[in-house]
>>> print(open('protein37.cif').read())   # mmCIF, C-alpha atoms
data_query
#
loop_
_atom_site.group_PDB
_atom_site.id
_atom_site.type_symbol
_atom_site.label_atom_id
_atom_site.label_comp_id
_atom_site.auth_asym_id
_atom_site.auth_seq_id
_atom_site.Cartn_x
_atom_site.Cartn_y
_atom_site.Cartn_z
ATOM 1 C CA PRO O 1 -1.717 30.118 0.371
ATOM 2 C CA ARG O 2 -2.840 27.115 2.447
ATOM 3 C CA THR O 3 -5.631 26.372 -0.042
ATOM 4 C CA ARG O 4 -3.173 26.636 -2.936
ATOM 5 C CA LEU O 5 -0.785 24.262 -1.185
ATOM 6 C CA ALA O 6 -3.611 21.820 -0.458
ATOM 7 C CA LEU O 7 -4.657 21.804 -4.111
ATOM 8 C CA GLU O 8 -1.063 21.213 -5.199
ATOM 9 C CA ILE O 9 -0.752 18.308 -2.735
ATOM 10 C CA LEU O 10 -4.008 16.801 -4.012
ATOM 11 C CA THR O 11 -2.836 17.171 -7.619
ATOM 12 C CA LEU O 12 0.502 15.533 -6.833
ATOM 13 C CA SER O 13 -1.249 12.775 -4.884
ATOM 14 C CA PHE O 14 -3.605 12.024 -7.765
ATOM 15 C CA ALA O 15 -0.727 11.957 -10.249
ATOM 16 C CA LEU O 16 1.287 9.597 -8.041
ATOM 17 C CA GLY O 17 -1.818 7.493 -7.489
ATOM 18 C CA VAL O 18 -2.197 7.058 -11.251
ATOM 19 C CA ALA O 19 1.527 6.318 -11.524
ATOM 20 C CA GLY O 20 1.241 3.797 -8.684
ATOM 21 C CA ASN O 21 -1.602 2.059 -10.467
ATOM 22 C CA ALA O 22 0.431 1.873 -13.664
ATOM 23 C CA LEU O 23 3.658 0.740 -11.985
ATOM 24 C CA LEU O 24 2.623 -1.287 -8.926
ATOM 25 C CA ARG O 25 -0.736 -2.851 -9.789
ATOM 26 C CA VAL O 26 0.727 -5.916 -11.503
ATOM 27 C CA GLY O 27 3.471 -8.076 -9.988
ATOM 28 C CA PRO O 28 6.058 -9.250 -9.511
ATOM 29 C CA TRP O 29 7.585 -6.022 -8.261
ATOM 30 C CA GLY O 30 11.017 -4.999 -9.443
ATOM 31 C CA ILE O 31 12.469 -1.716 -10.671
ATOM 32 C CA ASN O 32 8.940 -0.253 -10.743
ATOM 33 C CA VAL O 33 9.060 0.288 -6.954
ATOM 34 C CA ALA O 34 12.243 2.364 -7.236
ATOM 35 C CA ILE O 35 10.766 4.384 -10.123
ATOM 36 C CA TRP O 36 7.633 5.204 -8.120
ATOM 37 C CA LEU O 37 9.716 6.106 -5.067
ATOM 38 C CA ILE O 38 11.852 8.477 -7.144
ATOM 39 C CA LEU O 39 8.680 10.151 -8.454
ATOM 40 C CA LEU O 40 7.403 10.491 -4.874
ATOM 41 C CA MET O 41 10.636 12.051 -3.587
ATOM 42 C CA ALA O 42 10.892 14.377 -6.592
ATOM 43 C CA GLY O 43 7.326 15.609 -6.137
ATOM 44 C CA ALA O 44 7.703 16.107 -2.372
ATOM 45 C CA THR O 45 11.015 17.924 -2.827
ATOM 46 C CA ALA O 46 9.523 20.195 -5.502
ATOM 47 C CA LEU O 47 6.640 21.143 -3.199
ATOM 48 C CA GLU O 48 8.986 21.801 -0.276
ATOM 49 C CA MET O 49 11.255 24.008 -2.370
ATOM 50 C CA ARG O 50 8.322 25.828 -3.951
ATOM 51 C CA HIS O 51 6.802 26.709 -0.588
ATOM 52 C CA ARG O 52 10.115 27.050 1.291
ATOM 53 C CA ALA O 53 9.219 24.408 3.843
ATOM 54 C CA PRO O 54 11.631 24.300 6.804
ATOM 55 C CA SER O 55 12.111 20.541 6.426
ATOM 56 C CA VAL O 56 14.058 20.914 3.169
ATOM 57 C CA GLY O 57 17.489 19.359 3.565
ATOM 58 C CA ARG O 58 16.889 18.113 7.099
ATOM 59 C CA ALA O 59 17.742 14.501 6.388
ATOM 60 C CA PRO O 60 18.563 13.834 2.707
ATOM 61 C CA TRP O 61 20.254 10.601 3.699
ATOM 62 C CA ILE O 62 16.852 9.088 4.499
ATOM 63 C CA ALA O 63 15.836 9.419 0.848
ATOM 64 C CA LEU O 64 19.105 7.891 -0.292
ATOM 65 C CA VAL O 65 18.779 5.007 2.166
ATOM 66 C CA ALA O 66 15.169 4.406 1.064
ATOM 67 C CA LEU O 67 16.393 3.849 -2.497
ATOM 68 C CA LEU O 68 18.579 0.926 -1.402
ATOM 69 C CA PRO O 69 15.751 -1.450 -0.406
ATOM 70 C CA ALA O 70 13.697 -0.216 -3.366
ATOM 71 C CA LEU O 71 16.517 -1.212 -5.711
ATOM 72 C CA GLY O 72 17.043 -4.408 -3.711
ATOM 73 C CA ILE O 73 13.563 -5.542 -4.731
ATOM 74 C CA ALA O 74 14.734 -5.563 -8.349
ATOM 75 C CA TRP O 75 18.148 -7.033 -7.534
ATOM 76 C CA ARG O 76 17.145 -10.444 -6.160
ATOM 77 C CA ASP O 77 13.903 -12.260 -6.969
ATOM 78 C CA SER O 78 13.497 -13.837 -3.537
ATOM 79 C CA PRO O 79 10.166 -13.556 -1.646
ATOM 80 C CA ALA O 80 11.937 -13.429 1.731
ATOM 81 C CA LEU O 81 14.374 -10.721 0.611
ATOM 82 C CA LYS O 82 11.590 -8.736 -1.036
ATOM 83 C CA LEU O 83 9.635 -8.828 2.212
ATOM 84 C CA LEU O 84 12.661 -7.547 4.127
ATOM 85 C CA ASP O 85 13.227 -4.853 1.497
ATOM 86 C CA LEU O 86 9.616 -3.700 1.804
ATOM 87 C CA GLY O 87 9.949 -3.595 5.586
ATOM 88 C CA MET O 88 13.128 -1.531 5.320
ATOM 89 C CA LEU O 89 11.455 0.774 2.804
ATOM 90 C CA GLY O 90 8.515 1.323 5.155
ATOM 91 C CA LEU O 91 10.935 2.011 8.007
ATOM 92 C CA CYS O 92 12.798 4.634 5.965
ATOM 93 C CA LEU O 93 9.577 6.350 4.898
ATOM 94 C CA SER O 94 8.393 6.369 8.526
ATOM 95 C CA LEU O 95 11.676 7.971 9.611
ATOM 96 C CA ALA O 96 11.314 10.583 6.884
ATOM 97 C CA LEU O 97 7.783 11.359 8.044
ATOM 98 C CA ILE O 98 8.882 11.584 11.679
ATOM 99 C CA GLN O 99 11.685 13.959 10.654
ATOM 100 C CA ALA O 100 9.318 16.076 8.558
ATOM 101 C CA ARG O 101 7.021 16.485 11.557
ATOM 102 C CA GLY O 102 9.804 18.172 13.516
ATOM 103 C CA THR O 103 11.306 15.337 15.581
ATOM 104 C CA ARG O 104 15.079 15.021 15.692
ATOM 105 C CA LEU O 105 16.085 11.446 14.933
ATOM 106 C CA ALA O 106 19.235 11.675 17.043
ATOM 107 C CA ARG O 107 17.165 12.011 20.217
ATOM 108 C CA GLY O 108 14.721 9.725 21.971
ATOM 109 C CA GLY O 109 14.630 6.146 23.167
ATOM 110 C CA ILE O 110 13.146 2.954 21.798
ATOM 111 C CA VAL O 111 9.750 3.449 23.449
ATOM 112 C CA GLU O 112 9.496 7.020 22.169
ATOM 113 C CA PHE O 113 10.382 5.917 18.639
ATOM 114 C CA GLY O 114 7.772 3.166 18.893
ATOM 115 C CA TRP O 115 5.132 5.769 19.626
ATOM 116 C CA ARG O 116 6.506 7.938 16.827
ATOM 117 C CA PHE O 117 6.191 5.080 14.336
ATOM 118 C CA PHE O 118 2.647 4.421 15.516
ATOM 119 C CA GLY O 119 1.857 8.119 15.168
ATOM 120 C CA SER O 120 3.294 8.222 11.657
ATOM 121 C CA GLY O 121 1.054 5.307 10.665
ATOM 122 C CA VAL O 122 -1.995 7.077 12.074
ATOM 123 C CA ALA O 123 -0.953 10.271 10.274
ATOM 124 C CA VAL O 124 -0.820 8.424 6.948
ATOM 125 C CA LEU O 125 -4.284 6.942 7.531
ATOM 126 C CA ARG O 126 -5.997 10.195 8.483
ATOM 127 C CA GLY O 127 -3.657 12.808 7.005
ATOM 128 C CA GLY O 128 -5.627 13.229 3.793
ATOM 129 C CA LEU O 129 -8.821 14.288 5.573
ATOM 130 C CA PRO O 130 -7.728 17.882 6.381
ATOM 131 C CA LEU O 131 -6.951 18.423 2.700
ATOM 132 C CA PHE O 132 -10.577 17.658 1.826
ATOM 133 C CA VAL O 133 -12.296 19.119 4.891
ATOM 134 C CA ARG O 134 -10.318 22.192 6.046
ATOM 135 C CA GLU O 135 -7.785 23.191 3.424
ATOM 136 C CA SER O 136 -9.651 22.649 0.170
ATOM 137 C CA TRP O 137 -11.040 25.207 -2.240
ATOM 138 C CA TRP O 138 -14.556 25.244 -0.770
ATOM 139 C CA THR O 139 -13.185 26.414 2.600
ATOM 140 C CA ALA O 140 -12.008 29.618 0.920
ATOM 141 C CA GLN O 141 -15.550 30.058 -0.437
ATOM 142 C CA ALA O 142 -17.289 29.134 2.822
ATOM 143 C CA ALA O 143 -18.446 32.728 3.328
ATOM 144 C CA GLU O 144 -20.698 32.381 0.289
ATOM 145 C CA GLY O 145 -23.875 30.335 0.330
ATOM 146 C CA TRP O 146 -22.917 28.058 -2.546
ATOM 147 C CA GLY O 147 -19.595 27.399 -0.849
ATOM 148 C CA ARG O 148 -21.314 25.938 2.209
ATOM 149 C CA GLN O 149 -23.586 23.809 0.044
ATOM 150 C CA ALA O 150 -20.681 22.562 -2.057
ATOM 151 C CA ARG O 151 -18.724 21.733 1.076
ATOM 152 C CA ALA O 152 -21.619 19.773 2.582
ATOM 153 C CA VAL O 153 -22.261 17.855 -0.637
ATOM 154 C CA SER O 154 -18.564 17.130 -1.169
ATOM 155 C CA ILE O 155 -18.037 15.873 2.386
ATOM 156 C CA GLY O 156 -21.125 13.693 2.106
ATOM 157 C CA ALA O 157 -19.929 12.257 -1.199
ATOM 158 C CA LEU O 158 -16.451 11.705 0.250
ATOM 159 C CA VAL O 159 -17.882 9.761 3.189
ATOM 160 C CA ALA O 160 -20.416 7.758 1.165
ATOM 161 C CA THR O 161 -18.322 6.846 -1.878
ATOM 162 C CA PRO O 162 -15.945 4.322 -0.203
ATOM 163 C CA TRP O 163 -18.892 2.506 1.423
ATOM 164 C CA LEU O 164 -20.769 2.475 -1.877
ATOM 165 C CA ILE O 165 -17.753 1.026 -3.674
ATOM 166 C CA VAL O 166 -17.073 -1.619 -1.013
ATOM 167 C CA PHE O 167 -20.657 -2.847 -0.676
ATOM 168 C CA GLY O 168 -21.245 -2.596 -4.404
ATOM 169 C CA ALA O 169 -18.204 -4.795 -5.020
ATOM 170 C CA LEU O 170 -19.372 -7.300 -2.389
ATOM 171 C CA PHE O 171 -22.875 -7.503 -3.826
ATOM 172 C CA ALA O 172 -21.521 -7.791 -7.360
ATOM 173 C CA SER O 173 -19.219 -10.657 -6.380
ATOM 174 C CA ALA O 174 -21.983 -12.489 -4.478
ATOM 175 C CA ASP O 175 -24.884 -12.047 -6.909
ATOM 176 C CA ALA O 176 -24.464 -12.599 -10.641
ATOM 177 C CA VAL O 177 -27.805 -10.907 -11.387
ATOM 178 C CA PHE O 178 -26.755 -7.753 -9.526
ATOM 179 C CA ARG O 179 -23.372 -7.809 -11.273
ATOM 180 C CA ASN O 180 -25.025 -8.043 -14.688
ATOM 181 C CA LEU O 181 -27.463 -5.275 -13.763
ATOM 182 C CA VAL O 182 -24.644 -2.975 -12.663
ATOM 183 C CA GLY O 183 -22.740 -3.843 -15.831
ATOM 184 C CA ARG O 184 -25.713 -2.906 -18.014
ATOM 185 C CA LEU O 185 -26.384 0.326 -16.113
ATOM 186 C CA ILE O 186 -22.798 1.531 -15.982
ATOM 187 C CA GLY O 187 -21.708 0.102 -19.302
ATOM 188 C CA PHE O 188 -18.200 -1.053 -18.362
ATOM 189 C CA ASP O 189 -16.421 -3.863 -16.568
ATOM 190 C CA PHE O 190 -16.873 -3.198 -12.840
ATOM 191 C CA SER O 191 -14.152 -5.624 -11.771
ATOM 192 C CA LEU O 192 -11.684 -4.022 -14.192
ATOM 193 C CA LEU O 193 -12.589 -0.590 -12.821
ATOM 194 C CA MET O 194 -11.988 -1.732 -9.241
ATOM 195 C CA SER O 195 -8.653 -3.318 -10.165
ATOM 196 C CA HIS O 196 -7.473 0.138 -11.282
ATOM 197 C CA LEU O 197 -9.357 2.273 -8.763
ATOM 198 C CA ILE O 198 -8.229 0.554 -5.554
ATOM 199 C CA PRO O 199 -4.429 0.867 -6.214
ATOM 200 C CA THR O 200 -4.902 4.454 -7.405
ATOM 201 C CA VAL O 201 -6.850 5.508 -4.298
ATOM 202 C CA PHE O 202 -4.496 3.601 -1.974
ATOM 203 C CA CYS O 203 -1.349 5.249 -3.386
ATOM 204 C CA ALA O 204 -2.921 8.703 -3.671
ATOM 205 C CA TRP O 205 -4.216 8.627 -0.072
ATOM 206 C CA GLY O 206 -0.848 7.560 1.295
ATOM 207 C CA VAL O 207 0.934 10.290 -0.640
ATOM 208 C CA ALA O 208 -1.553 12.948 0.492
#
>>> encode(input="protein37.cif", output="structure tokens")
Amino acid sequence: PRTRLALEILTLSFALGVAGNALLRVGPWGINVAIWLILLMAGATALEMRHRAPSVGRAPWIALVALLPALGIAWRDSPALKLLDLGMLGLCLSLALIQARGTRLARGGIVEFGWRFFGSGVAVLRGGLPLFVRESWWTAQAAEGWGRQARAVSIGALVATPWLIVFGALFASADAVFRNLVGRLIGFDFSLLMSHLIPTVFCAWGVA
């Protein structure tokens, strides 16, 4: 069941990453932020109800409050107000994450909530790793020889791919000859690929 849940989370994360690339890649932001947030809340709620998670219905007002700054981004085209709306949206999502991790929002002081917000940020940054390392399909097959090999290769590829993308992009931007060589070998526009890949990975990782 844990492997099935992990695969469903990864599928939802990839779908929301693609949706984030389609909706949020090009500015200025407006109603697209609210649309993506609604998709995120609908997917998370569907997973919670499907697996009977205990956090269902704990704090539905957080989701409703999060929609207000998301809609505020489309209401007024002011950079200062949009920045405040994004800050409020991040605050609401952090509160939802803190609540989902079992902390009651009605308790605790300012210092404790500061640590909780810091912990929620760290959880978003590293939370996707267990899905790939511990809860994925190859863990269920770890007893078999090919399962161990697939796990080792997949973890190695997962660790190496971001570095390959980053340094490849840096070399391509600094050296026209290398950029042309990569373009001839791969056969597509590398900069166009990165403009779609980075928002997709960023959104999908945060969702996961």
>>> residues_around(input="protein37.cif", residues="Ile62 (chain O)", least_positions_apart="6", cutoff="9 Å", atoms="all atoms listed in the file", output="VMD selection string")
chain O and resid 92 to 93 95 to 96
>>> closest_residue(input="protein37.cif", among="O:Arg52, O:Leu39, O:Gly30, O:Leu131", to="Asp85 (chain O)", atoms="only C-alpha atoms")
O:Gly30
>>> closest_residue(input="protein37.cif", among="O:Glu8, O:Ala100, O:Pro69, O:Gly43", to="Gly87 (chain O)", atoms="only C-alpha atoms")
O:Pro69
>>> resolve_selection(input="protein37.cif", expression="the PyMOL selection byres ((chain O and resi 203-205) around 6)", output="list in words")
Ser13, Phe14, Gly17, Thr200, Val201, Phe202, Gly206, Val207 and Ala208 of chain O
>>> resolve_selection(input="protein37.cif", expression="the PyMOL selection byres ((chain O and resi 36) around 12)", output="PyMOL selection string")
chain O and resi 15-25+29-35+37-43+66-67+70-71+203-204+207
>>> atom_distance(input="protein37.cif", atom1="CA of Ser94 (chain O)", atom2="CA of Gly121 (chain O)")
7.7 Å
>>> residues_around(input="protein37.cif", residues="Leu129 (chain O)", least_positions_apart="6", cutoff="12 Å", atoms="all atoms listed in the file", output="list in words")
Ala6, Leu10, Val122, Ala123, Glu135, Ser136, Ile155, Leu158, Val159, Trp205, Gly206 and Ala208 of chain O
>>> axis_aligned_box(input="protein37.cif", around="region 21-37 of chain O", padding_each_side="6 Å", output="AutoDock Vina command-line options")
--center_x 5.4 --center_y -1.6 --center_z -9.4 --size_x 26.1 --size_y 27.4 --size_z 20.6
>>> atom_distance(input="protein37.cif", atom1="CA of Ser120 (chain O)", atom2="CA of Ile165 (chain O)")
27.0 Å
>>> atom_distance(input="protein37.cif", atom1="CA of Glu48 (chain O)", atom2="CA of Phe113 (chain O)")
24.7 Å
>>> residues_near_point(input="protein37.cif", point="(13.7, -4.5, 2.6)", cutoff="9 Å", atoms="all atoms listed in the file", output="list of chain:residue names")
O:Leu68, O:Pro69, O:Ala70, O:Gly72, O:Ile73, O:Leu81, O:Lys82, O:Leu83, O:Leu84, O:Asp85, O:Leu86, O:Gly87, O:Met88, O:Leu89, O:Gly90, O:Leu91
>>> build_atoms(input="protein37.cif", residues="region 89-101 of chain O", atoms="N, CA, C and O atoms", output="compact mmCIF listing (two decimals), in the frame of the given file")
# COMPACT_ATOMS: atom_id res chain seq x y z
N LEU O 89 11.98 -0.40 3.50
CA LEU O 89 11.46 0.77 2.80
C LEU O 89 10.41 1.47 3.65
O LEU O 89 10.40 2.71 3.76
N GLY O 90 9.50 0.71 4.27
CA GLY O 90 8.52 1.32 5.16
C GLY O 90 9.15 2.00 6.35
O GLY O 90 8.70 3.06 6.79
N LEU O 91 10.22 1.40 6.89
CA LEU O 91 10.94 2.01 8.01
C LEU O 91 11.56 3.34 7.60
O LEU O 91 11.46 4.34 8.33
N CYS O 92 12.18 3.38 6.43
CA CYS O 92 12.80 4.63 5.96
C CYS O 92 11.76 5.72 5.73
O CYS O 92 11.96 6.89 6.10
N LEU O 93 10.62 5.36 5.12
CA LEU O 93 9.58 6.35 4.90
C LEU O 93 8.99 6.84 6.22
O LEU O 93 8.66 8.02 6.35
N SER O 94 8.88 5.95 7.21
CA SER O 94 8.39 6.37 8.53
C SER O 94 9.38 7.34 9.18
O SER O 94 8.97 8.34 9.78
N LEU O 95 10.67 7.05 9.06
CA LEU O 95 11.68 7.97 9.61
C LEU O 95 11.62 9.33 8.92
O LEU O 95 11.76 10.38 9.56
N ALA O 96 11.42 9.32 7.60
CA ALA O 96 11.31 10.58 6.88
C ALA O 96 10.09 11.37 7.34
O ALA O 96 10.15 12.60 7.50
N LEU O 97 8.98 10.68 7.58
CA LEU O 97 7.78 11.36 8.04
C LEU O 97 7.97 11.90 9.45
O LEU O 97 7.53 13.02 9.76
N ILE O 98 8.61 11.11 10.32
CA ILE O 98 8.88 11.58 11.68
C ILE O 98 9.77 12.83 11.64
O ILE O 98 9.55 13.81 12.36
N GLN O 99 10.80 12.80 10.78
CA GLN O 99 11.68 13.96 10.65
C GLN O 99 10.94 15.17 10.11
O GLN O 99 11.16 16.30 10.57
N ALA O 100 10.05 14.96 9.14
CA ALA O 100 9.32 16.08 8.56
C ALA O 100 8.36 16.71 9.56
O ALA O 100 8.02 17.89 9.42
N ARG O 101 7.93 15.94 10.55
CA ARG O 101 7.02 16.48 11.56
C ARG O 101 7.75 17.20 12.69
O ARG O 101 7.14 17.58 13.68
